[in-house]
file data_3.txt (compact mmCIF, C-alpha atoms (C1' of nucleotides))
# COMPACT_ATOMS: atom_id res chain seq x y z
CA MET A 163 -38.04 13.62 2.81
CA LYS A 164 -41.00 15.88 2.13
CA LYS A 165 -41.18 16.68 5.80
CA VAL A 166 -37.50 17.57 6.04
CA ILE A 167 -37.82 19.85 3.03
CA SER A 168 -40.78 21.71 4.40
CA GLU A 169 -39.10 22.11 7.77
CA ILE A 170 -36.07 23.60 6.10
CA GLY A 171 -38.33 25.83 4.03
CA GLU A 172 -39.84 27.00 7.26
CA LYS A 173 -36.43 27.68 8.75
CA LEU A 174 -35.48 29.80 5.75
CA ARG A 175 -38.77 31.67 5.67
CA SER A 176 -38.50 32.52 9.35
CA ASN A 177 -35.22 34.21 8.44
CA GLU A 178 -36.59 36.18 5.51
CA TYR A 179 -35.33 33.78 2.86
CA LYS A 180 -37.35 31.79 0.37
CA LEU A 181 -37.09 28.19 -0.64
CA THR A 182 -37.08 28.89 -4.37
CA PRO A 183 -37.38 26.02 -6.88
CA GLN A 184 -33.63 26.16 -7.50
CA ARG A 185 -32.85 26.05 -3.79
CA GLN A 186 -35.25 23.17 -3.31
CA GLN A 187 -33.66 21.18 -6.12
CA ILE A 188 -30.22 21.76 -4.66
CA LEU A 189 -31.53 20.66 -1.29
CA GLU A 190 -33.04 17.51 -2.80
CA VAL A 191 -29.72 16.61 -4.37
CA LEU A 192 -28.05 16.99 -0.99
CA LEU A 193 -30.70 14.88 0.72
CA GLU A 194 -30.40 12.17 -1.92
CA ASN A 195 -26.65 12.07 -1.43
CA LYS A 196 -26.06 11.96 2.29
CA ASP A 197 -22.58 10.77 3.15
CA LYS A 198 -21.39 11.31 -0.41
CA HIS A 199 -19.30 14.43 0.24
CA LEU A 200 -20.31 16.31 -2.88
CA SER A 201 -18.29 19.25 -4.15
CA ALA A 202 -20.07 22.35 -5.43
CA GLU A 203 -19.49 21.15 -8.94
CA ASP A 204 -20.84 17.69 -8.13
CA VAL A 205 -24.00 19.34 -6.84
CA TYR A 206 -24.15 21.51 -9.93
CA ASN A 207 -23.92 18.53 -12.27
CA LEU A 208 -26.55 16.58 -10.37
CA VAL A 209 -28.94 19.51 -10.25
CA LYS A 210 -28.44 20.10 -13.95
CA GLN A 211 -29.83 16.64 -14.65
CA LYS A 212 -33.12 17.71 -13.09
CA SER A 213 -33.24 21.24 -14.41
CA PRO A 214 -30.53 22.20 -16.86
CA ASP A 215 -31.02 25.92 -16.45
CA VAL A 216 -29.65 26.25 -12.93
CA GLY A 217 -26.48 28.31 -12.79
CA LEU A 218 -23.27 27.49 -11.00
CA ALA A 219 -23.37 30.80 -9.13
CA THR A 220 -26.74 29.89 -7.70
CA VAL A 221 -25.35 26.58 -6.50
CA TYR A 222 -22.50 28.33 -4.71
CA ARG A 223 -24.83 30.94 -3.25
CA THR A 224 -27.31 28.33 -2.09
CA LEU A 225 -24.67 26.16 -0.47
CA GLU A 226 -23.38 29.23 1.34
CA LEU A 227 -26.92 29.99 2.50
CA PHE A 228 -27.48 26.45 3.74
CA LEU A 229 -24.18 26.57 5.60
CA GLU A 230 -25.19 29.78 7.30
CA PHE A 231 -28.30 28.16 8.73
CA ASP A 232 -26.54 24.92 9.62
CA ILE A 233 -28.68 23.00 7.18
CA ILE A 234 -25.56 21.43 5.76
CA HIS A 235 -21.90 21.60 6.72
CA SER A 236 -18.68 21.49 4.79
CA VAL A 237 -15.62 19.31 5.09
CA ASN A 238 -12.22 19.68 3.56
CA PHE A 239 -10.40 16.52 2.57
CA GLY A 240 -7.38 18.37 1.26
CA ASP A 241 -8.14 17.94 -2.42
CA GLY A 242 -8.52 21.66 -2.97
CA ARG A 243 -12.28 21.93 -2.88
CA LYS A 244 -14.90 22.15 -0.19
CA ARG A 245 -17.28 19.25 0.11
CA TYR A 246 -20.80 19.47 1.46
CA GLU A 247 -22.83 17.07 3.52
CA TYR A 248 -26.31 16.94 4.96
CA GLY A 249 -26.78 15.28 8.29
CA GLU A 250 -25.74 15.51 11.89
CA ASN A 251 -26.12 13.74 15.21
CA SER A 252 -29.07 14.27 17.48
CA ASP A 253 -27.01 16.63 19.64
CA GLY A 254 -26.16 18.82 16.66
CA HIS A 255 -22.57 17.61 16.51
CA HIS A 256 -21.17 16.18 13.33
CA HIS A 257 -19.96 12.69 12.67
CA HIS A 258 -16.34 11.82 11.98
CA HIS A 259 -14.50 10.61 8.91
CA ALA A 260 -11.84 7.97 8.62
CA ILE A 261 -9.81 8.41 5.46
CA CYS A 262 -7.77 5.59 3.97
CA LEU A 263 -4.39 6.89 2.83
CA LYS A 264 -4.03 4.06 0.33
CA CYS A 265 -7.33 3.83 -1.55
CA GLY A 266 -8.94 7.10 -0.50
CA LYS A 267 -12.08 5.49 0.83
CA ILE A 268 -13.89 7.51 3.46
CA LEU A 269 -15.68 5.80 6.33
CA GLU A 270 -18.45 7.53 8.23
CA ILE A 271 -17.98 7.19 11.96
CA ASN A 272 -21.40 7.77 13.44
CA GLU A 273 -20.57 7.39 17.09
CA ASP A 274 -19.66 10.67 18.77
CA LEU A 275 -17.16 9.36 21.33
CA LEU A 276 -15.81 12.84 22.02
CA GLU A 277 -17.89 13.66 25.10
CA GLU A 278 -15.07 13.04 27.56
CA LEU A 279 -12.49 14.89 25.48
CA GLU A 280 -14.83 17.85 25.09
CA ARG A 281 -15.55 17.88 28.80
CA GLN A 282 -11.83 18.10 29.51
CA VAL A 283 -11.16 20.72 26.88
CA ALA A 284 -14.09 22.81 28.09
CA GLU A 285 -12.74 22.65 31.62
CA GLN A 286 -9.02 23.09 31.05
CA TYR A 287 -9.26 25.73 28.35
CA ARG A 288 -12.49 27.41 29.47
CA PHE A 289 -13.81 26.89 25.96
CA THR A 290 -17.52 26.57 25.20
CA ILE A 291 -17.86 23.91 22.53
CA THR A 292 -20.59 24.03 19.91
CA ASP A 293 -19.27 21.62 17.28
CA HIS A 294 -16.29 19.64 16.10
CA GLU A 295 -14.68 18.15 13.02
CA LEU A 296 -12.56 15.03 13.32
CA LYS A 297 -10.65 13.34 10.54
CA ILE A 298 -8.85 10.08 11.21
CA PHE A 299 -6.12 8.99 8.83
CA GLY A 300 -4.85 5.47 8.32
CA TYR A 301 -5.59 2.31 6.40
CA CYS A 302 -8.92 0.60 5.85
CA GLU A 303 -9.42 -3.09 6.30
CA GLY A 304 -8.66 -3.95 2.69
CA CYS A 305 -5.50 -1.86 2.52
CA LYS A 306 -3.95 -2.40 5.91
CA VAL A 307 -2.28 -5.70 5.00
CA ASN A 308 0.08 -4.17 2.48
CA ALA A 309 0.19 -0.75 4.08
CA LYS A 310 3.14 1.58 3.73
CA MET B 103 17.30 23.87 16.74
CA LYS B 104 20.58 23.04 15.01
CA LYS B 105 20.02 19.42 15.89
CA VAL B 106 16.50 19.34 14.50
CA ILE B 107 17.69 20.90 11.27
CA SER B 108 20.49 18.44 10.77
CA GLU B 109 18.18 15.54 11.52
CA ILE B 110 15.74 16.76 8.92
CA GLY B 111 18.59 17.26 6.49
CA GLU B 112 19.52 13.66 7.10
CA LYS B 113 15.97 12.53 6.49
CA LEU B 114 15.91 14.34 3.17
CA ARG B 115 19.32 13.11 2.10
CA SER B 116 18.38 9.52 2.86
CA ASN B 117 15.56 10.02 0.37
CA GLU B 118 17.68 11.51 -2.38
CA TYR B 119 16.76 15.11 -1.61
CA LYS B 120 19.05 17.91 -0.54
CA LEU B 121 18.65 20.48 2.17
CA THR B 122 19.49 23.46 0.00
CA PRO B 123 20.01 26.91 1.53
CA GLN B 124 16.52 27.94 0.43
CA ARG B 125 14.95 24.84 1.95
CA GLN B 126 16.86 25.37 5.17
CA GLN B 127 15.71 28.96 5.44
CA ILE B 128 12.12 27.91 4.90
CA LEU B 129 12.56 25.25 7.54
CA GLU B 130 14.02 27.77 9.98
CA VAL B 131 11.03 30.04 9.49
CA LEU B 132 8.74 27.14 10.28
CA LEU B 133 10.73 26.19 13.37
CA GLU B 134 10.71 29.78 14.60
CA ASN B 135 6.95 29.94 14.19
CA LYS B 136 5.57 26.81 15.76
CA ASP B 137 1.87 27.07 16.50
CA LYS B 138 1.52 30.12 14.27
CA HIS B 139 -0.31 28.42 11.38
CA LEU B 140 1.54 30.20 8.60
CA SER B 141 0.16 30.30 5.08
CA ALA B 142 2.49 29.77 2.13
CA GLU B 143 2.56 33.50 1.59
CA ASP B 144 3.32 34.14 5.27
CA VAL B 145 6.29 31.82 4.94
CA TYR B 146 7.33 33.54 1.74
CA ASN B 147 7.28 36.96 3.36
CA LEU B 148 9.23 35.79 6.40
CA VAL B 149 11.84 34.03 4.31
CA LYS B 150 12.22 37.10 2.12
CA GLN B 151 13.34 39.07 5.16
CA LYS B 152 16.32 36.75 5.48
CA SER B 153 17.08 36.31 1.82
CA PRO B 154 15.07 38.44 -0.56
CA ASP B 155 15.83 36.35 -3.60
CA VAL B 156 13.80 33.29 -2.68
CA GLY B 157 10.92 32.68 -5.05
CA LEU B 158 7.33 31.94 -4.17
CA ALA B 159 7.37 28.81 -6.31
CA THR B 160 10.26 27.45 -4.27
CA VAL B 161 8.30 28.05 -1.08
CA TYR B 162 5.33 26.10 -2.40
CA ARG B 163 7.55 23.29 -3.67
CA THR B 164 9.44 23.08 -0.41
CA LEU B 165 6.30 23.01 1.72
CA GLU B 166 5.00 20.20 -0.47
CA LEU B 167 8.27 18.36 -0.01
CA PHE B 168 8.20 18.78 3.76
CA LEU B 169 4.61 17.55 3.84
CA GLU B 170 5.57 14.45 1.90
CA PHE B 171 8.13 13.49 4.53
CA ASP B 172 5.90 14.41 7.47
CA ILE B 173 8.30 17.13 8.52
CA ILE B 174 5.39 19.53 8.73
CA HIS B 175 1.67 19.13 8.30
CA SER B 176 -1.09 21.32 6.95
CA VAL B 177 -4.36 22.46 8.44
CA ASN B 178 -7.30 24.11 6.80
CA PHE B 179 -9.22 26.66 8.84
CA GLY B 180 -11.68 27.40 6.05
CA ASP B 181 -10.21 30.74 5.03
CA GLY B 182 -9.30 29.55 1.56
CA ARG B 183 -5.65 28.83 2.10
CA LYS B 184 -3.64 25.96 3.54
CA ARG B 185 -1.72 26.65 6.68
CA TYR B 186 1.45 24.89 7.73
CA GLU B 187 2.73 23.85 11.12
CA TYR B 188 5.80 22.16 12.50
CA GLY B 189 5.43 19.96 15.52
CA GLU B 190 3.70 16.82 16.70
CA ASN B 191 3.23 14.72 19.78
CA SER B 192 5.70 12.12 20.86
CA ASP B 193 3.54 9.39 19.34
CA GLY B 194 3.55 11.09 15.95
CA HIS B 195 -0.04 12.25 16.27
CA HIS B 196 -0.93 15.88 15.87
CA HIS B 197 -2.39 18.22 18.41
CA HIS B 198 -5.88 19.67 18.18
CA HIS B 199 -7.20 23.16 17.53
CA ALA B 200 -10.05 24.97 19.24
CA ILE B 201 -11.35 27.78 17.06
CA CYS B 202 -13.36 30.65 18.48
CA LEU B 203 -16.27 31.47 16.19
CA LYS B 204 -16.44 35.02 17.50
CA CYS B 205 -12.89 36.37 17.56
CA GLY B 206 -11.16 33.73 15.44
CA LYS B 207 -8.55 32.92 18.07
CA ILE B 208 -7.08 29.45 17.78
CA LEU B 209 -6.11 27.51 20.88
CA GLU B 210 -3.59 24.69 20.72
CA ILE B 211 -4.83 21.63 22.57
CA ASN B 212 -1.74 19.66 23.35
CA GLU B 213 -3.30 16.73 25.13
CA ASP B 214 -4.14 13.87 22.82
CA LEU B 215 -7.24 12.53 24.60
CA LEU B 216 -8.26 10.45 21.59
CA GLU B 217 -6.74 7.12 22.64
CA GLU B 218 -10.03 5.58 23.69
CA LEU B 219 -11.92 6.85 20.66
CA GLU B 220 -9.22 5.55 18.37
CA ARG B 221 -9.23 2.20 20.10
CA GLN B 222 -12.96 1.90 19.49
CA VAL B 223 -12.79 3.07 15.89
CA ALA B 224 -9.92 0.70 15.19
CA GLU B 225 -11.92 -2.18 16.59
CA GLN B 226 -15.38 -1.43 15.22
CA TYR B 227 -14.30 -0.32 11.77
CA ARG B 228 -11.17 -2.46 11.42
CA PHE B 229 -9.27 0.71 10.62
CA THR B 230 -5.54 1.10 11.31
CA ILE B 231 -5.01 4.63 12.53
CA THR B 232 -1.83 6.55 11.83
CA ASP B 233 -2.89 10.12 12.51
CA HIS B 234 -5.80 12.44 13.14
CA GLU B 235 -6.94 16.03 12.79
CA LEU B 236 -9.45 17.49 15.23
CA LYS B 237 -10.95 20.94 15.12
CA ILE B 238 -13.22 22.09 17.92
CA PHE B 239 -15.55 25.01 17.29
CA GLY B 240 -17.09 27.24 19.92
CA TYR B 241 -16.36 30.30 22.01
CA CYS B 242 -13.23 31.16 23.92
CA GLU B 243 -13.25 32.42 27.47
CA GLY B 244 -13.38 36.07 26.48
CA CYS B 245 -16.16 35.64 23.95
CA LYS B 246 -18.42 33.13 25.61
CA VAL B 247 -20.23 35.66 27.77
CA ASN B 248 -21.86 37.47 24.90
CA ALA B 249 -21.93 34.50 22.56
CA LYS B 250 -24.73 34.06 20.08
C1' DG C 112 36.68 20.30 -15.25
C1' DA C 113 32.70 18.50 -18.62
C1' DG C 114 28.29 16.62 -18.81
C1' DA C 115 24.20 15.00 -16.46
C1' DT C 116 20.87 16.01 -13.05
C1' DA C 117 18.44 18.58 -9.50
C1' DA C 118 16.80 22.90 -7.86
C1' DT C 119 15.53 27.54 -8.49
C1' DG C 120 13.00 32.04 -9.79
C1' DG C 121 9.91 34.37 -12.63
C1' DT C 122 5.90 34.15 -14.98
C1' DA C 123 2.04 32.18 -17.27
C1' DA C 124 -1.69 29.12 -16.64
C1' DT C 125 -5.24 26.84 -13.87
C1' DC C 126 -9.03 26.34 -11.15
C1' DA C 127 -12.31 26.87 -7.18
C1' DG C 128 -14.90 30.27 -5.64
C1' DT C 129 -16.85 35.24 -5.74
C1' DT C 130 -18.67 39.41 -7.63
C1' DT C 131 -21.11 42.11 -10.99
C1' DC C 132 -24.89 43.23 -13.57
C1' DA C 133 -28.71 42.89 -16.41
C1' DT C 134 -32.89 40.11 -16.29
C1' DT C 135 -36.63 37.53 -14.13
C1' DA C 136 -39.53 36.19 -10.38
C1' DT C 137 -41.84 37.31 -6.16
C1' DA C 138 -44.09 39.97 -2.82
C1' DT C 139 -46.32 44.06 -1.28
C1' DA C 140 -49.26 48.19 -1.65
C1' DA C 141 -52.44 51.09 -3.70
C1' DT D 60 -55.39 43.35 -10.39
C1' DT D 61 -51.87 46.42 -11.67
C1' DA D 62 -47.72 49.17 -10.46
C1' DT D 63 -43.56 48.95 -7.83
C1' DA D 64 -40.07 47.61 -4.75
C1' DT D 65 -37.21 43.79 -3.52
C1' DA D 66 -35.06 39.30 -3.84
C1' DA D 67 -33.10 35.75 -6.63
C1' DT D 68 -31.11 34.16 -10.75
C1' DG D 69 -27.71 33.11 -14.79
C1' DA D 70 -23.93 34.38 -17.48
C1' DA D 71 -19.75 36.10 -17.60
C1' DA D 72 -15.90 38.74 -15.72
C1' DC D 73 -12.92 38.62 -11.97
C1' DT D 74 -9.98 37.08 -7.89
C1' DG D 75 -6.57 34.83 -5.35
C1' DA D 76 -4.22 30.56 -4.09
C1' DT D 77 -1.71 27.07 -6.11
C1' DT D 78 0.60 24.68 -10.01
C1' DA D 79 3.05 24.14 -14.37
C1' DC D 80 6.45 25.65 -17.51
C1' DC D 81 10.85 26.98 -18.85
C1' DA D 82 15.12 29.09 -19.07
C1' DT D 83 18.96 29.64 -15.82
C1' DT D 84 21.94 28.24 -12.00
C1' DA D 85 23.88 25.08 -8.66
C1' DT D 86 25.38 20.46 -7.57
C1' DC D 87 27.03 15.93 -8.21
C1' DT D 88 29.51 12.22 -10.76
C1' DC D 89 32.89 10.63 -13.60
call {"tool": "encode", "arguments": {"input": "data_3.txt", "output": "structure tokens"}}
result
Amino acid sequence: MKKVISEIGEKLRSNEYKLTPQRQQILEVLLENKDKHLSAEDVYNLVKQKSPDVGLATVYRTLELFLEFDIIHSVNFGDGRKRYEYGENSDGHHHHHAICLKCGKILEINEDLLEELERQVAEQYRFTITDHELKIFGYCEGCKVNAK
Amino acid sequence: MKKVISEIGEKLRSNEYKLTPQRQQILEVLLENKDKHLSAEDVYNLVKQKSPDVGLATVYRTLELFLEFDIIHSVNFGDGRKRYEYGENSDGHHHHHAICLKCGKILEINEDLLEELERQVAEQYRFTITDHELKIFGYCEGCKVNAK
DNA sequence: GAGATAATGGTAATCAGTTTCATTATATAA
DNA sequence: TTATATAATGAAACTGATTACCATTATCTC
């Protein structure tokens, strides 16, 4: 994790930004909670446990900064707040989410599987693709039996 | 369009809801603006042109009602407001959106192209899929030349 | 047609996210 | 190293979308 942090620090510094203690703590929280889909307030509460004097505004500003440099990305599950996630595939594309409509569980789908679709879209629509966000809705194994 | 409206009215009535004049006008606005991604306030303004005495609260309530019965669906393009859309594929799945990061244009991708991916996800994750939402980010034909 | 129920419109309240501003930390230059 | 400019922070005020409340109106049932 140390290495990841210093690489990100480097990325920020090369863009005239600093990895301040607050920013680093926010980053650590994100790294410790991959695939947890934290909201800004979740991050705030977790960071507060480490250093209680970090402000909510700083959390929002830092998340915005990390988004700008593609250090994290945000997902919207329709519950009225943005959620933030560290981590992406080797090709820079993001993984998918399967959301159970019954119990709300969210599965991480780590395979990309969109190459062929993206090839077709790129060709038919003359669109140059840089990233994607796919949400799949349905019922997880435990819930499918008595589904709607 | 008459037919669609009466079918939807039927759907509501069979669930103990009425297609009131206000609801019908909201529905008409949505039908007249397929693929336009209207926000609640957009809908409100358009409905007001027809009948100025419709309230914003009614618009929100009606959109929520239509969502509940899968008459419309909502998409979030990250601009801080939900957007609403009528229309789906023949199999009940929704079409995709390609969003240009430069000019903000949104292309409607009407091909499904996810069958194989969904087959694999269903098998590997034992997940029963009922719908999906795919957003593709990149640069449209006009913007790709001078893209970042 | 009277009473129960559902739906509506206006407005107040809520809540995630943003902006402001005074203060603190950091970096640069003499 | 000291002064000075600049960046970052925290607290609190503000914003804008959405929701809740409540009194009024329309609709349905008997």
call {"tool": "atom_distance", "arguments": {"input": "data_3.txt", "atom1": "CA of Leu296 in chain A", "atom2": "CA of Lys237 in chain B"}}
result
6.4 Å
call {"tool": "residues_around", "arguments": {"input": "data_3.txt", "residues": "DC80 in chain D", "least_positions_apart": "2", "cutoff": "9 Å", "atoms": "all atoms listed in the file", "output": "PDB file with C-alpha atoms (C1' of nucleotides), keeping the file's coordinate frame"}}
result
ATOM      1  C1'  DT C 122       5.900  34.150 -14.980  1.00  0.00           C
ATOM      2  C1'  DA C 123       2.040  32.180 -17.270  1.00  0.00           C
ATOM      3  C1'  DA C 124      -1.690  29.120 -16.640  1.00  0.00           C
TER       4       DA C 124
END
call {"tool": "interface_residues", "arguments": {"input": "data_3.txt", "of": "chain A", "to": "chain D", "cutoff": "8 Å", "atoms": "all atoms listed in the file", "output": "ChimeraX atom specification"}}
result
/A:216-217,219-220
call {"tool": "closest_residue", "arguments": {"input": "data_3.txt", "among": "A:Leu225, A:Leu275, A:Cys265, A:Ile291", "to": "chain C", "atoms": "only C-alpha atoms (C1' of nucleotides)"}}
result
A:Leu225
call {"tool": "closest_residue", "arguments": {"input": "data_3.txt", "among": "C:DT119, C:DT134, C:DT139, C:DT129", "to": "chain B", "atoms": "only C-alpha atoms (C1' of nucleotides)"}}
result
C:DT119
call {"tool": "atom_distance", "arguments": {"input": "data_3.txt", "atom1": "CA of Lys165 in chain A", "atom2": "CA of Arg185 in chain A"}}
result
15.8 Å
call {"tool": "residues_around", "arguments": {"input": "data_3.txt", "residues": "Glu273 in chain A", "least_positions_apart": "4", "cutoff": "9 Å", "atoms": "only C-alpha atoms (C1' of nucleotides)", "output": "number ranges by chain"}}
result
A: 251, 257-258; B: 223
call {"tool": "interface_residues", "arguments": {"input": "data_3.txt", "of": "chain C", "to": "chain A", "cutoff": "10 Å", "atoms": "all atoms listed in the file", "output": "list of chain:residue names"}}
result
C:DC126, C:DA127, C:DG128, C:DT129, C:DT130, C:DA136, C:DT137
call {"tool": "interface_residues", "arguments": {"input": "data_3.txt", "of": "chain A", "to": "chain B", "cutoff": "7 Å", "atoms": "only C-alpha atoms", "output": "ChimeraX atom specification"}}
result
/A:275,279,288-303,306
call {"tool": "calpha_fit_and_write", "arguments": {"input": "data_3.txt", "fixed": "chain B", "moving": "chain A", "output": "tab-separated table (two decimals) with C-alpha atoms, in the frame of the given file"}}
result
chain	number	residue	atom	x	y	z
A	163	MET	CA	17.30	24.08	16.77
A	164	LYS	CA	20.57	23.26	15.05
A	165	LYS	CA	20.09	19.64	15.97
A	166	VAL	CA	16.56	19.50	14.58
A	167	ILE	CA	17.73	21.06	11.33
A	168	SER	CA	20.54	18.62	10.85
A	169	GLU	CA	18.27	15.69	11.63
A	170	ILE	CA	15.83	16.87	9.02
A	171	GLY	CA	18.70	17.37	6.59
A	172	GLU	CA	19.64	13.80	7.24
A	173	LYS	CA	16.10	12.62	6.64
A	174	LEU	CA	16.02	14.41	3.29
A	175	ARG	CA	19.44	13.19	2.24
A	176	SER	CA	18.53	9.60	3.03
A	177	ASN	CA	15.71	10.05	0.52
A	178	GLU	CA	17.86	11.55	-2.22
A	179	TYR	CA	16.90	15.14	-1.49
A	180	LYS	CA	19.15	17.98	-0.43
A	181	LEU	CA	18.70	20.55	2.26
A	182	THR	CA	19.52	23.51	0.03
A	183	PRO	CA	19.99	27.00	1.53
A	184	GLN	CA	16.49	27.96	0.42
A	185	ARG	CA	14.97	24.85	1.98
A	186	GLN	CA	16.88	25.44	5.18
A	187	GLN	CA	15.68	29.03	5.42
A	188	ILE	CA	12.10	27.93	4.88
A	189	LEU	CA	12.58	25.30	7.55
A	190	GLU	CA	14.00	27.88	9.97
A	191	VAL	CA	10.98	30.10	9.45
A	192	LEU	CA	8.72	27.17	10.26
A	193	LEU	CA	10.72	26.29	13.36
A	194	GLU	CA	10.66	29.90	14.55
A	195	ASN	CA	6.90	30.00	14.14
A	196	LYS	CA	5.56	26.85	15.73
A	197	ASP	CA	1.87	27.10	16.48
A	198	LYS	CA	1.49	30.13	14.24
A	199	HIS	CA	-0.33	28.40	11.37
A	200	LEU	CA	1.49	30.15	8.56
A	201	SER	CA	0.11	30.18	5.04
A	202	ALA	CA	2.45	29.65	2.09
A	203	GLU	CA	2.46	33.36	1.52
A	204	ASP	CA	3.22	34.06	5.18
A	205	VAL	CA	6.22	31.76	4.88
A	206	TYR	CA	7.23	33.46	1.67
A	207	ASN	CA	7.15	36.92	3.24
A	208	LEU	CA	9.11	35.80	6.28
A	209	VAL	CA	11.74	34.04	4.20
A	210	LYS	CA	12.06	37.09	1.99
A	211	GLN	CA	13.17	39.11	5.00
A	212	LYS	CA	16.18	36.82	5.36
A	213	SER	CA	16.95	36.35	1.70
A	214	PRO	CA	14.92	38.41	-0.72
A	215	ASP	CA	15.73	36.28	-3.73
A	216	VAL	CA	13.72	33.21	-2.76
A	217	GLY	CA	10.84	32.55	-5.12
A	218	LEU	CA	7.26	31.77	-4.24
A	219	ALA	CA	7.35	28.60	-6.33
A	220	THR	CA	10.24	27.32	-4.26
A	221	VAL	CA	8.28	27.97	-1.09
A	222	TYR	CA	5.34	25.96	-2.41
A	223	ARG	CA	7.60	23.18	-3.63
A	224	THR	CA	9.49	23.03	-0.36
A	225	LEU	CA	6.35	22.95	1.75
A	226	GLU	CA	5.07	20.11	-0.42
A	227	LEU	CA	8.37	18.29	0.09
A	228	PHE	CA	8.27	18.75	3.85
A	229	LEU	CA	4.69	17.49	3.92
A	230	GLU	CA	5.69	14.39	2.02
A	231	PHE	CA	8.25	13.47	4.65
A	232	ASP	CA	5.99	14.40	7.56
A	233	ILE	CA	8.35	17.15	8.61
A	234	ILE	CA	5.43	19.52	8.78
A	235	HIS	CA	1.69	19.08	8.35
A	236	SER	CA	-1.06	21.24	7.00
A	237	VAL	CA	-4.34	22.38	8.46
A	238	ASN	CA	-7.30	23.99	6.83
A	239	PHE	CA	-9.23	26.55	8.84
A	240	GLY	CA	-11.69	27.24	6.07
A	241	ASP	CA	-10.26	30.58	5.00
A	242	GLY	CA	-9.36	29.30	1.56
A	243	ARG	CA	-5.69	28.61	2.08
A	244	LYS	CA	-3.66	25.81	3.54
A	245	ARG	CA	-1.73	26.57	6.68
A	246	TYR	CA	1.45	24.82	7.74
A	247	GLU	CA	2.74	23.85	11.14
A	248	TYR	CA	5.82	22.19	12.54
A	249	GLY	CA	5.42	19.96	15.53
A	250	GLU	CA	3.71	16.83	16.68
A	251	ASN	CA	3.21	14.67	19.75
A	252	SER	CA	5.68	12.05	20.83
A	253	ASP	CA	3.50	9.34	19.28
A	254	GLY	CA	3.52	11.06	15.90
A	255	HIS	CA	-0.08	12.22	16.22
A	256	HIS	CA	-0.96	15.85	15.84
A	257	HIS	CA	-2.39	18.19	18.40
A	258	HIS	CA	-5.87	19.66	18.18
A	259	HIS	CA	-7.18	23.15	17.57
A	260	ALA	CA	-10.00	24.97	19.26
A	261	ILE	CA	-11.29	27.80	17.12
A	262	CYS	CA	-13.29	30.67	18.58
A	263	LEU	CA	-16.20	31.52	16.29
A	264	LYS	CA	-16.36	35.06	17.64
A	265	CYS	CA	-12.80	36.39	17.66
A	266	GLY	CA	-11.08	33.76	15.54
A	267	LYS	CA	-8.47	32.92	18.13
A	268	ILE	CA	-7.02	29.45	17.83
A	269	LEU	CA	-6.04	27.48	20.92
A	270	GLU	CA	-3.54	24.65	20.75
A	271	ILE	CA	-4.79	21.59	22.57
A	272	ASN	CA	-1.69	19.58	23.35
A	273	GLU	CA	-3.28	16.65	25.10
A	274	ASP	CA	-4.14	13.79	22.76
A	275	LEU	CA	-7.23	12.47	24.54
A	276	LEU	CA	-8.30	10.44	21.52
A	277	GLU	CA	-6.81	7.08	22.52
A	278	GLU	CA	-10.12	5.57	23.59
A	279	LEU	CA	-12.00	6.89	20.57
A	280	GLU	CA	-9.31	5.57	18.24
A	281	ARG	CA	-9.36	2.20	19.95
A	282	GLN	CA	-13.10	1.96	19.36
A	283	VAL	CA	-12.93	3.15	15.78
A	284	ALA	CA	-10.08	0.75	15.02
A	285	GLU	CA	-12.13	-2.10	16.43
A	286	GLN	CA	-15.58	-1.32	15.09
A	287	TYR	CA	-14.51	-0.19	11.64
A	288	ARG	CA	-11.41	-2.37	11.26
A	289	PHE	CA	-9.47	0.79	10.45
A	290	THR	CA	-5.74	1.12	11.11
A	291	ILE	CA	-5.17	4.64	12.37
A	292	THR	CA	-1.97	6.54	11.65
A	293	ASP	CA	-3.00	10.13	12.39
A	294	HIS	CA	-5.88	12.46	13.06
A	295	GLU	CA	-6.99	16.06	12.73
A	296	LEU	CA	-9.46	17.50	15.21
A	297	LYS	CA	-10.95	20.97	15.13
A	298	ILE	CA	-13.20	22.11	17.95
A	299	PHE	CA	-15.50	25.06	17.37
A	300	GLY	CA	-17.02	27.28	20.01
A	301	TYR	CA	-16.27	30.32	22.10
A	302	CYS	CA	-13.11	31.16	24.01
A	303	GLU	CA	-13.12	32.39	27.55
A	304	GLY	CA	-13.23	36.06	26.60
A	305	CYS	CA	-16.04	35.66	24.09
A	306	LYS	CA	-18.29	33.13	25.73
A	307	VAL	CA	-20.10	35.66	27.93
A	308	ASN	CA	-21.72	37.48	25.04
A	309	ALA	CA	-21.76	34.52	22.70
A	310	LYS	CA	-24.30	34.14	19.93
call {"tool": "atom_distance", "arguments": {"input": "data_3.txt", "atom1": "CA of Gly111 in chain B", "atom2": "CA of Leu158 in chain B"}}
result
21.4 Å
call {"tool": "residues_around", "arguments": {"input": "data_3.txt", "residues": "Gln127 in chain B", "least_positions_apart": "3", "cutoff": "8 Å", "atoms": "all atoms listed in the file", "output": "list in words"}}
result
Pro123, Gln124, Glu130, Val131, Val149 and Lys152 of chain B
call {"tool": "axis_aligned_box", "arguments": {"input": "data_3.txt", "around": "range 119-127 of chain C", "padding_each_side": "3 Å", "output": "AutoDock Vina command-line options"}}
result
--center_x 1.6 --center_y 30.4 --center_z -12.2 --size_x 33.8 --size_y 14.0 --size_z 16.1
